[in-house]
Amino acid sequence: MVLLARWCFRHRLVVLLLWVVALGGAVLAGRLAGSDYSSEFKLPASESVRAAELMQAAFPEQSGDTDVVVWQVDGAGTVKDAAVSDRVQSALDRIAALPDVGQVVSPYGTDGAGQISSDGRTAYAQITYTRSAEDLAADRVEQVVDTATSAAAAGLRVEVGGPAAGTTGQPPSHLAEFVGLAAAALVLFLAFGSFLAMLLPLVTALFGVGLGLLGVGLLSHAMDVPDAALLLSTLIGLGVGIDYALFIVSRHRAGLREGLAPEEAAIAAARTSGRSVLFAGAIVCVSLLGMFAMKLDFLNGVAVATSLTVLLSVVAALTLLPALLGLLGTRVLNRRQRRSLLAAPEGGGADGQSAVRGFAVRWADTVQRRPKTFAAAALVLVAVLSLPAFALRLGMSDQGTLPESNTARRAYDMLADAFGPGFNGPLQLVVRPRGEATEVPPDALQRLVDGVGATPGVAKATAMPLPGQGGGASRMAVVQVIPTTSPQDAKTDALIDRLRTGPAVRDGSLEVLVGGGTALNKDLATALTSRLPLFLGAIVALGSVLLLVAFRSLAVPLLAAVLNVAATGTALGITVALFQWGWGTGVLGIGKPVPITSFLPVIMIAMLFGLAMDYQVFLTGRMREEWLRTGDARQAAHAGLVRAGGVIISAALIMISVFGAFVLSGDMEGMLVGAGLAGAIAVDALVLRAMLVPAVMTLLGTAAWWTPARNARRSGSAALSRGESEA
């Protein structure tokens, strides 16, 4: 580490050139190769997956996503009035002629029976595209929406819903990133008091994250990577990239203020904070790669993409940053600090942050005077914030959670009002004959439809006509079931269970599979929930082993494991309260309370576990330095909090800024992760690290650094050499 930092410092122009060439080459490769993000992944085996596979095998010609044009007449008229039907049908004809539109099914045609509400005031038309929503160009979707809404008039509302239409009306691209960077820049300027020092973490992070994101795009050609991985990689890459650079720059500036030459200050920062950055980055990558334990293809893609971005952020902090420190020299200090150095070249310049340091000393004194009180208060607060996590319900958000300003949200509400809340999430019963029979008997199918229709929670059950099949018996049948409740309602999940186990589907002559998007989401949530304990146990165990190796202490990894589980509970609790319970729907601009997206807890746990370990490594690392130097456990806890506490708080504020800004992304998953992680990081830094860790380390005393005899002898010799080298 020392040799690398020294080489990068002395050959700073070469290092900078290599990074510019690497970034430029990645940009060129990205433009030439493009990206190939995947939106289709193999899901865990389940009944709904089998139903979807049967439908795909039987009717492969049905491709592309489907939007709906919804219109509603105000007053006493109906959608069948000539003035309304002529106006809307004209718009539908124009939509049918647009690029990427494969078919338009109008309620005014023979194929649109049932697409008019019972009161005659609301109707919808189905628009089937020739490709998936992810593959449609934004301007093509805008054309469809604009053409449809042009039919609106006084007394006639027209909206467009569906997966493609839901992508319109989003916030400006990269707004969240810009806001997060601006907030981080403000925190850095307040922490350093120097414009040039403020730029260093930002430039380092942008190089690392930029190269990482370009690498993710190229990686998408070699493995399945979901497009959500780009947002998540940006989120965690900016957070750790800025934080890691912050820790190293802070240590470098401290060395300069102590009178070290710029090169020696950079070497000292690499030897201490640089090692911590390397170790912390390794823990983050291990945590993220732990998602492989879930055995889900799309999580594997997220794990590799985010780990690659974190890895390159670490490399940038350990190579590019020393080069930039060499270019700036003492200019990383503000003018007052540089004048102090000139006035006291051997004695170390004025800190310039005496007020902050004084507060840190007083806070450390207060915590150590009443360690039991602070430990108990921290545990109670974390327990209270974690309580909502026990009500966690996994599912998927839909267009009912979009802001009311979005046309897809308004179309969703119009359909729910006119056709029932379950209309937006119909279930599909895929029916096949059992045994040697080759056709579904019509009488058995009718009995199934009647039985399902009489099931509590079912608004309507209908046997659907299938392409290429006329009347009479057929080799497969599909029964569409409209629940009485919305797709996100827990009662809909209960209905799926009733349909799968109830008497209506137990006809010995039929095989009935309950599928559809709502059932797929439920089955995915069930599979993820069952695998979550294994995943959490794996990353806790791996992280603890790494900390045991690094600190040669049993108490430090055990404490870290407990604190990380507590931070995870806090993150889930905050997310449940804000989104599932709806406490933050008004502030966050969400339409209504929503279940937590099924795969997000896994991603949040992986990210938070790694980030929380960062703070544990930097805080206990400072404590261990003092312990090796003095052998006084109480003084070590005090000095660690005083010297690292302020930097950790600054780093946490940056994380909170970056994560919190993703609430503005317009992406529900980004909002869930951003809000949950921002709240959890705040609690982790301000409560767990600033209160609980120093309180527990004070209570443990020398036991905090106890190891078995063999490791103790080994660490004793290491401590002596380390203490002499750092003294």
# chains A, B, ... in the order shown; residues from 1 in each chain; ligands from 1
$ residues_around --residues "Val380 of chain A" --least-positions-apart "5" --cutoff "12 Å" --atoms "only C-alpha atoms" --output "count of residues only"
11
$ residues_around --residues "Leu513 of chain A" --least-positions-apart "6" --cutoff "10 Å" --atoms "only C-alpha atoms" --output "JSON list (two decimals) with all heavy atoms, in the first residue's frame"
[["chain", "number", "residue", "atom", "x", "y", "z"],
["A", 46, "SER", "N", -42.20, -22.14, -9.52],
["A", 46, "SER", "CA", -43.43, -21.92, -8.76],
["A", 46, "SER", "C", -44.61, -22.20, -9.69],
["A", 46, "SER", "O", -44.45, -22.37, -10.91],
["A", 46, "SER", "CB", -43.51, -20.49, -8.23],
["A", 46, "SER", "OG", -43.60, -19.56, -9.30],
["A", 47, "GLU", "N", -45.78, -22.22, -9.11],
["A", 47, "GLU", "CA", -46.98, -22.49, -9.90],
["A", 47, "GLU", "C", -47.21, -21.41, -10.94],
["A", 47, "GLU", "O", -47.56, -21.70, -12.10],
["A", 47, "GLU", "CB", -48.19, -22.61, -8.97],
["A", 47, "GLU", "CG", -49.48, -22.97, -9.68],
["A", 47, "GLU", "CD", -50.62, -23.24, -8.71],
["A", 47, "GLU", "OE1", -50.35, -23.77, -7.62],
["A", 47, "GLU", "OE2", -51.78, -22.91, -9.06],
["A", 48, "SER", "N", -47.02, -20.16, -10.56],
["A", 48, "SER", "CA", -47.26, -19.07, -11.50],
["A", 48, "SER", "C", -46.24, -19.09, -12.64],
["A", 48, "SER", "O", -46.56, -18.75, -13.78],
["A", 48, "SER", "CB", -47.22, -17.73, -10.77],
["A", 48, "SER", "OG", -45.97, -17.55, -10.12],
["A", 49, "VAL", "N", -45.00, -19.48, -12.35],
["A", 49, "VAL", "CA", -43.98, -19.59, -13.40],
["A", 49, "VAL", "C", -44.35, -20.69, -14.38],
["A", 49, "VAL", "O", -44.23, -20.53, -15.61],
["A", 49, "VAL", "CB", -42.59, -19.84, -12.78],
["A", 49, "VAL", "CG1", -41.58, -20.22, -13.86],
["A", 49, "VAL", "CG2", -42.11, -18.60, -12.04],
["A", 50, "ARG", "N", -44.82, -21.81, -13.89],
["A", 50, "ARG", "CA", -45.26, -22.90, -14.77],
["A", 50, "ARG", "C", -46.41, -22.44, -15.66],
["A", 50, "ARG", "O", -46.46, -22.76, -16.86],
["A", 50, "ARG", "CB", -45.70, -24.10, -13.94],
["A", 50, "ARG", "CG", -44.55, -24.88, -13.31],
["A", 50, "ARG", "CD", -45.08, -26.05, -12.50],
["A", 50, "ARG", "NE", -45.89, -26.94, -13.35],
["A", 50, "ARG", "CZ", -46.87, -27.72, -12.88],
["A", 50, "ARG", "NH1", -47.18, -27.68, -11.60],
["A", 50, "ARG", "NH2", -47.53, -28.51, -13.70],
["A", 51, "ALA", "N", -47.34, -21.67, -15.08],
["A", 51, "ALA", "CA", -48.47, -21.17, -15.87],
["A", 51, "ALA", "C", -47.97, -20.25, -16.98],
["A", 51, "ALA", "O", -48.43, -20.34, -18.13],
["A", 51, "ALA", "CB", -49.45, -20.43, -14.97],
["A", 52, "ALA", "N", -47.02, -19.37, -16.66],
["A", 52, "ALA", "CA", -46.49, -18.45, -17.67],
["A", 52, "ALA", "C", -45.75, -19.21, -18.76],
["A", 52, "ALA", "O", -45.86, -18.86, -19.95],
["A", 52, "ALA", "CB", -45.57, -17.43, -16.99],
["A", 54, "LEU", "N", -46.30, -22.29, -19.76],
["A", 54, "LEU", "CA", -47.28, -22.98, -20.61],
["A", 54, "LEU", "C", -47.92, -22.01, -21.60],
["A", 54, "LEU", "O", -48.12, -22.35, -22.78],
["A", 54, "LEU", "CB", -48.36, -23.63, -19.73],
["A", 54, "LEU", "CG", -47.93, -24.87, -18.94],
["A", 54, "LEU", "CD1", -49.04, -25.31, -18.00],
["A", 54, "LEU", "CD2", -47.57, -26.01, -19.89],
["A", 428, "GLN", "N", -54.82, -15.28, -13.78],
["A", 428, "GLN", "CA", -55.08, -16.19, -14.90],
["A", 428, "GLN", "C", -54.99, -17.63, -14.42],
["A", 428, "GLN", "O", -53.98, -18.03, -13.85],
["A", 428, "GLN", "CB", -54.07, -15.97, -16.03],
["A", 428, "GLN", "CG", -54.25, -14.68, -16.80],
["A", 428, "GLN", "CD", -53.26, -14.54, -17.94],
["A", 428, "GLN", "OE1", -52.21, -15.18, -17.92],
["A", 428, "GLN", "NE2", -53.59, -13.73, -18.92],
["A", 429, "LEU", "N", -56.06, -18.38, -14.63],
["A", 429, "LEU", "CA", -56.04, -19.80, -14.34],
["A", 429, "LEU", "C", -55.77, -20.53, -15.65],
["A", 429, "LEU", "O", -56.57, -20.47, -16.58],
["A", 429, "LEU", "CB", -57.38, -20.26, -13.75],
["A", 429, "LEU", "CG", -57.91, -19.51, -12.52],
["A", 429, "LEU", "CD1", -59.14, -20.22, -11.97],
["A", 429, "LEU", "CD2", -56.84, -19.39, -11.46],
["A", 430, "VAL", "N", -54.64, -21.18, -15.74],
["A", 430, "VAL", "CA", -54.28, -21.96, -16.93],
["A", 430, "VAL", "C", -54.77, -23.39, -16.69],
["A", 430, "VAL", "O", -54.38, -24.04, -15.72],
["A", 430, "VAL", "CB", -52.77, -21.93, -17.18],
["A", 430, "VAL", "CG1", -52.41, -22.78, -18.39],
["A", 430, "VAL", "CG2", -52.30, -20.50, -17.38],
["A", 431, "VAL", "N", -55.62, -23.84, -17.58],
["A", 431, "VAL", "CA", -56.32, -25.11, -17.38],
["A", 431, "VAL", "C", -55.90, -26.10, -18.47],
["A", 431, "VAL", "O", -55.91, -25.77, -19.66],
["A", 431, "VAL", "CB", -57.85, -24.91, -17.42],
["A", 431, "VAL", "CG1", -58.58, -26.21, -17.09],
["A", 431, "VAL", "CG2", -58.27, -23.80, -16.45],
["A", 432, "ARG", "N", -55.54, -27.32, -18.03],
["A", 432, "ARG", "CA", -55.21, -28.39, -18.97],
["A", 432, "ARG", "C", -55.90, -29.68, -18.52],
["A", 432, "ARG", "O", -56.16, -29.86, -17.32],
["A", 432, "ARG", "CB", -53.70, -28.62, -19.03],
["A", 432, "ARG", "CG", -52.90, -27.48, -19.59],
["A", 432, "ARG", "CD", -51.49, -27.91, -19.93],
["A", 432, "ARG", "NE", -50.80, -28.49, -18.79],
["A", 432, "ARG", "CZ", -49.61, -29.10, -18.86],
["A", 432, "ARG", "NH1", -49.00, -29.20, -20.04],
["A", 432, "ARG", "NH2", -49.04, -29.60, -17.79],
["A", 478, "VAL", "N", -57.97, -20.78, -20.55],
["A", 478, "VAL", "CA", -57.53, -19.75, -19.61],
["A", 478, "VAL", "C", -58.76, -19.08, -19.03],
["A", 478, "VAL", "O", -59.64, -18.62, -19.77],
["A", 478, "VAL", "CB", -56.63, -18.69, -20.29],
["A", 478, "VAL", "CG1", -56.29, -17.58, -19.31],
["A", 478, "VAL", "CG2", -55.36, -19.33, -20.82],
["A", 499, "LEU", "N", -57.63, -19.97, -4.00],
["A", 499, "LEU", "CA", -57.86, -20.56, -5.31],
["A", 499, "LEU", "C", -56.99, -21.81, -5.52],
["A", 499, "LEU", "O", -57.41, -22.77, -6.18],
["A", 499, "LEU", "CB", -57.57, -19.54, -6.42],
["A", 499, "LEU", "CG", -58.55, -18.37, -6.54],
["A", 499, "LEU", "CD1", -58.08, -17.38, -7.59],
["A", 499, "LEU", "CD2", -59.94, -18.89, -6.89],
["A", 500, "ARG", "N", -55.78, -21.78, -4.98],
["A", 500, "ARG", "CA", -54.88, -22.91, -5.19],
["A", 500, "ARG", "C", -55.25, -24.12, -4.34],
["A", 500, "ARG", "O", -54.89, -25.25, -4.68],
["A", 500, "ARG", "CB", -53.44, -22.48, -4.88],
["A", 500, "ARG", "CG", -52.85, -21.58, -5.96],
["A", 500, "ARG", "CD", -51.50, -21.02, -5.57],
["A", 500, "ARG", "NE", -50.90, -20.34, -6.72],
["A", 500, "ARG", "CZ", -49.80, -19.61, -6.65],
["A", 500, "ARG", "NH1", -49.17, -19.44, -5.49],
["A", 500, "ARG", "NH2", -49.32, -19.03, -7.75],
["A", 505, "VAL", "N", -60.85, -25.76, -7.71],
["A", 505, "VAL", "CA", -59.80, -26.21, -8.63],
["A", 505, "VAL", "C", -59.44, -27.68, -8.44],
["A", 505, "VAL", "O", -58.45, -28.15, -8.97],
["A", 505, "VAL", "CB", -58.52, -25.34, -8.45],
["A", 505, "VAL", "CG1", -58.82, -23.90, -8.75],
["A", 505, "VAL", "CG2", -57.95, -25.49, -7.05]]
$ closest_residue --among "A:Leu181, A:Leu415, A:Ala154, A:Val88" --to "Phe659 of chain A" --atoms "only C-alpha atoms"
A:Leu181
$ closest_atom_pairs --of "segment 509-561 of chain A" --to "segment 617-624 of chain A" --cutoff "12 Å" --atoms "only C-alpha atoms" --output "CSV"
residue,atom,partner,partner_atom,distance
A:Gly543,CA,A:Val617,CA,11.0
A:Ser544,CA,A:Val617,CA,11.5
A:Leu546,CA,A:Val617,CA,10.6
A:Leu547,CA,A:Val617,CA,8.0
A:Leu548,CA,A:Val617,CA,11.3
A:Ala550,CA,A:Val617,CA,9.1
A:Phe551,CA,A:Arg624,CA,7.7
A:Arg552,CA,A:Arg624,CA,10.1
A:Ser553,CA,A:Arg624,CA,10.0
A:Ala555,CA,A:Thr620,CA,11.0
A:Val556,CA,A:Thr620,CA,7.7
A:Pro557,CA,A:Val617,CA,9.9
A:Leu559,CA,A:Thr620,CA,10.7
A:Ala560,CA,A:Val617,CA,9.1
$ write_last_selection --atoms "C-alpha atoms" --output "PDB file, in the first residue's frame"
ATOM      1  CA  GLY A 543     -17.979 -10.015   7.597  1.00  0.00           C
ATOM      2  CA  SER A 544     -17.244 -11.177  11.138  1.00  0.00           C
ATOM      3  CA  LEU A 546     -12.848 -10.583   8.019  1.00  0.00           C
ATOM      4  CA  LEU A 547     -13.036  -8.295  11.052  1.00  0.00           C
ATOM      5  CA  LEU A 548     -11.586 -11.007  13.273  1.00  0.00           C
ATOM      6  CA  ALA A 550      -8.145  -7.576  10.693  1.00  0.00           C
ATOM      7  CA  PHE A 551      -8.524  -6.597  14.360  1.00  0.00           C
ATOM      8  CA  ARG A 552      -7.554  -9.870  16.089  1.00  0.00           C
ATOM      9  CA  SER A 553     -10.333  -9.312  18.590  1.00  0.00           C
ATOM     10  CA  ALA A 555     -15.450  -8.449  20.683  1.00  0.00           C
ATOM     11  CA  VAL A 556     -15.057  -6.186  17.650  1.00  0.00           C
ATOM     12  CA  PRO A 557     -16.550  -8.591  15.051  1.00  0.00           C
ATOM     13  CA  LEU A 559     -20.238  -6.104  18.168  1.00  0.00           C
ATOM     14  CA  ALA A 560     -20.139  -5.280  14.466  1.00  0.00           C
TER      15      ALA A 560
END
$ residues_around --residues "Thr501 of chain A" --least-positions-apart "3" --cutoff "12 Å" --atoms "only C-alpha atoms" --output "PyMOL selection string"
chain A and resi 452+455+494-498+504-507+512-514
$ residues_around --residues "Trp19 of chain A" --least-positions-apart "5" --cutoff "10 Å" --atoms "only C-alpha atoms" --output "MDAnalysis selection string"
chainID A and resid 13:14 24:25 207:208 211 316 319:320
$ write_last_selection --atoms "C-alpha atoms" --output "short mmCIF file (atom, residue, chain, number, x, y, z; two decimals), in the first residue's frame"
data_model
loop_
_atom_site.label_atom_id
_atom_site.label_comp_id
_atom_site.auth_asym_id
_atom_site.auth_seq_id
_atom_site.Cartn_x
_atom_site.Cartn_y
_atom_site.Cartn_z
CA LEU A 13 0.98 12.92 -14.25
CA VAL A 14 1.40 9.37 -15.53
CA GLY A 24 -11.86 7.60 -22.56
CA GLY A 25 -11.32 4.06 -23.80
CA PHE A 207 -13.69 8.71 -12.22
CA GLY A 208 -14.31 5.50 -10.31
CA LEU A 211 -15.48 3.79 -15.29
CA ALA A 316 -9.47 5.30 -7.72
CA THR A 319 -4.19 5.39 -7.02
CA LEU A 320 -5.80 8.47 -8.55
#
$ atom_distance --atom1 "atom CA of Ala561 of chain A" --atom2 "atom CA of Leu699 of chain A"
17.9 Å
$ closest_atom_pairs --of "segment 649-692 of chain A" --to "segment 582-604 of chain A" --cutoff "12 Å" --atoms "only C-alpha atoms" --output "JSON lines"
{"residue": "A:Phe659", "atom": "CA", "partner": "A:Met604", "partner_atom": "CA", "distance": 11.5}
{"residue": "A:Gly660", "atom": "CA", "partner": "A:Leu588", "partner_atom": "CA", "distance": 10.9}
{"residue": "A:Ala661", "atom": "CA", "partner": "A:Leu588", "partner_atom": "CA", "distance": 11.3}
{"residue": "A:Phe662", "atom": "CA", "partner": "A:Leu588", "partner_atom": "CA", "distance": 10.9}
{"residue": "A:Val663", "atom": "CA", "partner": "A:Leu588", "partner_atom": "CA", "distance": 7.1}
{"residue": "A:Leu664", "atom": "CA", "partner": "A:Leu588", "partner_atom": "CA", "distance": 8.4}
{"residue": "A:Ser665", "atom": "CA", "partner": "A:Leu588", "partner_atom": "CA", "distance": 10.9}
{"residue": "A:Gly666", "atom": "CA", "partner": "A:Gly589", "partner_atom": "CA", "distance": 9.4}
{"residue": "A:Asp667", "atom": "CA", "partner": "A:Ile590", "partner_atom": "CA", "distance": 10.7}
{"residue": "A:Met668", "atom": "CA", "partner": "A:Thr597", "partner_atom": "CA", "distance": 8.7}
{"residue": "A:Glu669", "atom": "CA", "partner": "A:Thr597", "partner_atom": "CA", "distance": 7.0}
{"residue": "A:Gly670", "atom": "CA", "partner": "A:Leu600", "partner_atom": "CA", "distance": 9.5}
{"residue": "A:Met671", "atom": "CA", "partner": "A:Leu588", "partner_atom": "CA", "distance": 8.4}
{"residue": "A:Leu672", "atom": "CA", "partner": "A:Ile596", "partner_atom": "CA", "distance": 7.7}
{"residue": "A:Val673", "atom": "CA", "partner": "A:Met604", "partner_atom": "CA", "distance": 6.4}
{"residue": "A:Gly674", "atom": "CA", "partner": "A:Met604", "partner_atom": "CA", "distance": 9.3}
{"residue": "A:Ala675", "atom": "CA", "partner": "A:Leu588", "partner_atom": "CA", "distance": 9.4}
{"residue": "A:Gly676", "atom": "CA", "partner": "A:Met604", "partner_atom": "CA", "distance": 8.0}
{"residue": "A:Leu677", "atom": "CA", "partner": "A:Met604", "partner_atom": "CA", "distance": 7.1}
{"residue": "A:Ala678", "atom": "CA", "partner": "A:Met604", "partner_atom": "CA", "distance": 10.9}
{"residue": "A:Gly679", "atom": "CA", "partner": "A:Met604", "partner_atom": "CA", "distance": 12.0}
{"residue": "A:Ala680", "atom": "CA", "partner": "A:Met604", "partner_atom": "CA", "distance": 10.1}
{"residue": "A:Ile681", "atom": "CA", "partner": "A:Met604", "partner_atom": "CA", "distance": 11.5}
$ write_last_selection --atoms "C-alpha atoms" --output "PDB file, in the first residue's frame"
ATOM      1  CA  PHE A 659     -29.091   8.265  -1.052  1.00  0.00           C
ATOM      2  CA  GLY A 660     -31.774  10.773  -0.111  1.00  0.00           C
ATOM      3  CA  ALA A 661     -31.472  12.470  -3.496  1.00  0.00           C
ATOM      4  CA  PHE A 662     -32.656   9.280  -5.183  1.00  0.00           C
ATOM      5  CA  VAL A 663     -36.100  10.003  -3.808  1.00  0.00           C
ATOM      6  CA  LEU A 664     -36.195  12.440  -6.750  1.00  0.00           C
ATOM      7  CA  SER A 665     -35.350   9.736  -9.297  1.00  0.00           C
ATOM      8  CA  GLY A 666     -38.992   8.983 -10.143  1.00  0.00           C
ATOM      9  CA  ASP A 667     -38.160   5.273  -9.925  1.00  0.00           C
ATOM     10  CA  MET A 668     -40.071   3.488  -7.150  1.00  0.00           C
ATOM     11  CA  GLU A 669     -37.231   1.083  -6.422  1.00  0.00           C
ATOM     12  CA  GLY A 670     -34.765   3.981  -6.305  1.00  0.00           C
ATOM     13  CA  MET A 671     -37.040   5.845  -3.908  1.00  0.00           C
ATOM     14  CA  LEU A 672     -37.425   2.815  -1.629  1.00  0.00           C
ATOM     15  CA  VAL A 673     -33.694   2.113  -1.470  1.00  0.00           C
ATOM     16  CA  GLY A 674     -32.716   5.780  -1.212  1.00  0.00           C
ATOM     17  CA  ALA A 675     -35.113   6.693   1.599  1.00  0.00           C
ATOM     18  CA  GLY A 676     -34.485   3.502   3.567  1.00  0.00           C
ATOM     19  CA  LEU A 677     -30.705   3.676   3.344  1.00  0.00           C
ATOM     20  CA  ALA A 678     -30.569   7.420   4.060  1.00  0.00           C
ATOM     21  CA  GLY A 679     -32.547   6.951   7.267  1.00  0.00           C
ATOM     22  CA  ALA A 680     -30.568   3.887   8.302  1.00  0.00           C
ATOM     23  CA  ILE A 681     -27.198   5.586   7.677  1.00  0.00           C
TER      24      ILE A 681
END
$ closest_residue --among "A:Ile116, A:Val101, A:Ala266, A:Ala22" --to "Thr130 of chain A" --atoms "only C-alpha atoms"
A:Val101
$ closest_residue --among "A:Val141, A:Ala360, A:Ala83, A:Ile605" --to "Leu641 of chain A" --atoms "only C-alpha atoms"
A:Ala360
$ residues_around --residues "Ala229 of chain A" --least-positions-apart "2" --cutoff "12 Å" --atoms "only C-alpha atoms" --output "PyMOL selection string"
chain A and resi 37-39+212-213+215-217+219-220+224-227+231-237+288+298-309+600+603+669-670
$ residues_around --residues "Ala293 of chain A" --least-positions-apart "2" --cutoff "10 Å" --atoms "only C-alpha atoms" --output "list in words"
Leu289, Gly290, Met291, Lys295, Leu296, Leu299, Asn300, Arg531, Leu532, Leu534, Phe535, Leu536, Ala538 and Ile539 of chain A
$ decode --residues "segment 650-661 of chain A" --atoms "N, CA, C and O atoms" --output "PDB file, in the first residue's frame"
ATOM      1  N   SER A 650     -19.307  13.360   8.855  1.00  0.00           N
ATOM      2  CA  SER A 650     -19.279  13.998   7.527  1.00  0.00           C
ATOM      3  C   SER A 650     -19.548  12.977   6.427  1.00  0.00           C
ATOM      4  O   SER A 650     -20.305  13.243   5.481  1.00  0.00           O
ATOM      5  N   ALA A 651     -18.916  11.802   6.556  1.00  0.00           N
ATOM      6  CA  ALA A 651     -19.141  10.753   5.561  1.00  0.00           C
ATOM      7  C   ALA A 651     -20.600  10.317   5.549  1.00  0.00           C
ATOM      8  O   ALA A 651     -21.190  10.078   4.486  1.00  0.00           O
ATOM      9  N   ALA A 652     -21.195  10.222   6.739  1.00  0.00           N
ATOM     10  CA  ALA A 652     -22.604   9.825   6.817  1.00  0.00           C
ATOM     11  C   ALA A 652     -23.504  10.877   6.177  1.00  0.00           C
ATOM     12  O   ALA A 652     -24.473  10.534   5.487  1.00  0.00           O
ATOM     13  N   LEU A 653     -23.194  12.146   6.404  1.00  0.00           N
ATOM     14  CA  LEU A 653     -24.001  13.208   5.790  1.00  0.00           C
ATOM     15  C   LEU A 653     -23.927  13.128   4.267  1.00  0.00           C
ATOM     16  O   LEU A 653     -24.913  13.388   3.569  1.00  0.00           O
ATOM     17  N   ILE A 654     -22.749  12.765   3.757  1.00  0.00           N
ATOM     18  CA  ILE A 654     -22.612  12.606   2.301  1.00  0.00           C
ATOM     19  C   ILE A 654     -23.458  11.441   1.820  1.00  0.00           C
ATOM     20  O   ILE A 654     -24.176  11.532   0.811  1.00  0.00           O
ATOM     21  N   MET A 655     -23.385  10.317   2.536  1.00  0.00           N
ATOM     22  CA  MET A 655     -24.208   9.162   2.169  1.00  0.00           C
ATOM     23  C   MET A 655     -25.688   9.519   2.196  1.00  0.00           C
ATOM     24  O   MET A 655     -26.457   9.152   1.296  1.00  0.00           O
ATOM     25  N   ILE A 656     -26.100  10.197   3.245  1.00  0.00           N
ATOM     26  CA  ILE A 656     -27.505  10.586   3.375  1.00  0.00           C
ATOM     27  C   ILE A 656     -27.913  11.480   2.215  1.00  0.00           C
ATOM     28  O   ILE A 656     -29.013  11.346   1.656  1.00  0.00           O
ATOM     29  N   SER A 657     -27.022  12.400   1.840  1.00  0.00           N
ATOM     30  CA  SER A 657     -27.323  13.305   0.723  1.00  0.00           C
ATOM     31  C   SER A 657     -27.465  12.542  -0.582  1.00  0.00           C
ATOM     32  O   SER A 657     -28.409  12.755  -1.350  1.00  0.00           O
ATOM     33  N   VAL A 658     -26.517  11.631  -0.844  1.00  0.00           N
ATOM     34  CA  VAL A 658     -26.542  10.877  -2.098  1.00  0.00           C
ATOM     35  C   VAL A 658     -27.754   9.953  -2.144  1.00  0.00           C
ATOM     36  O   VAL A 658     -28.495   9.910  -3.135  1.00  0.00           O
ATOM     37  N   PHE A 659     -27.966   9.202  -1.069  1.00  0.00           N
ATOM     38  CA  PHE A 659     -29.091   8.265  -1.052  1.00  0.00           C
ATOM     39  C   PHE A 659     -30.424   9.000  -1.044  1.00  0.00           C
ATOM     40  O   PHE A 659     -31.364   8.641  -1.757  1.00  0.00           O
ATOM     41  N   GLY A 660     -30.520  10.033  -0.202  1.00  0.00           N
ATOM     42  CA  GLY A 660     -31.774  10.773  -0.111  1.00  0.00           C
ATOM     43  C   GLY A 660     -32.165  11.428  -1.420  1.00  0.00           C
ATOM     44  O   GLY A 660     -33.350  11.558  -1.735  1.00  0.00           O
ATOM     45  N   ALA A 661     -31.169  11.827  -2.218  1.00  0.00           N
ATOM     46  CA  ALA A 661     -31.472  12.470  -3.496  1.00  0.00           C
ATOM     47  C   ALA A 661     -32.183  11.530  -4.451  1.00  0.00           C
ATOM     48  O   ALA A 661     -32.897  11.979  -5.349  1.00  0.00           O
TER      49      ALA A 661
END
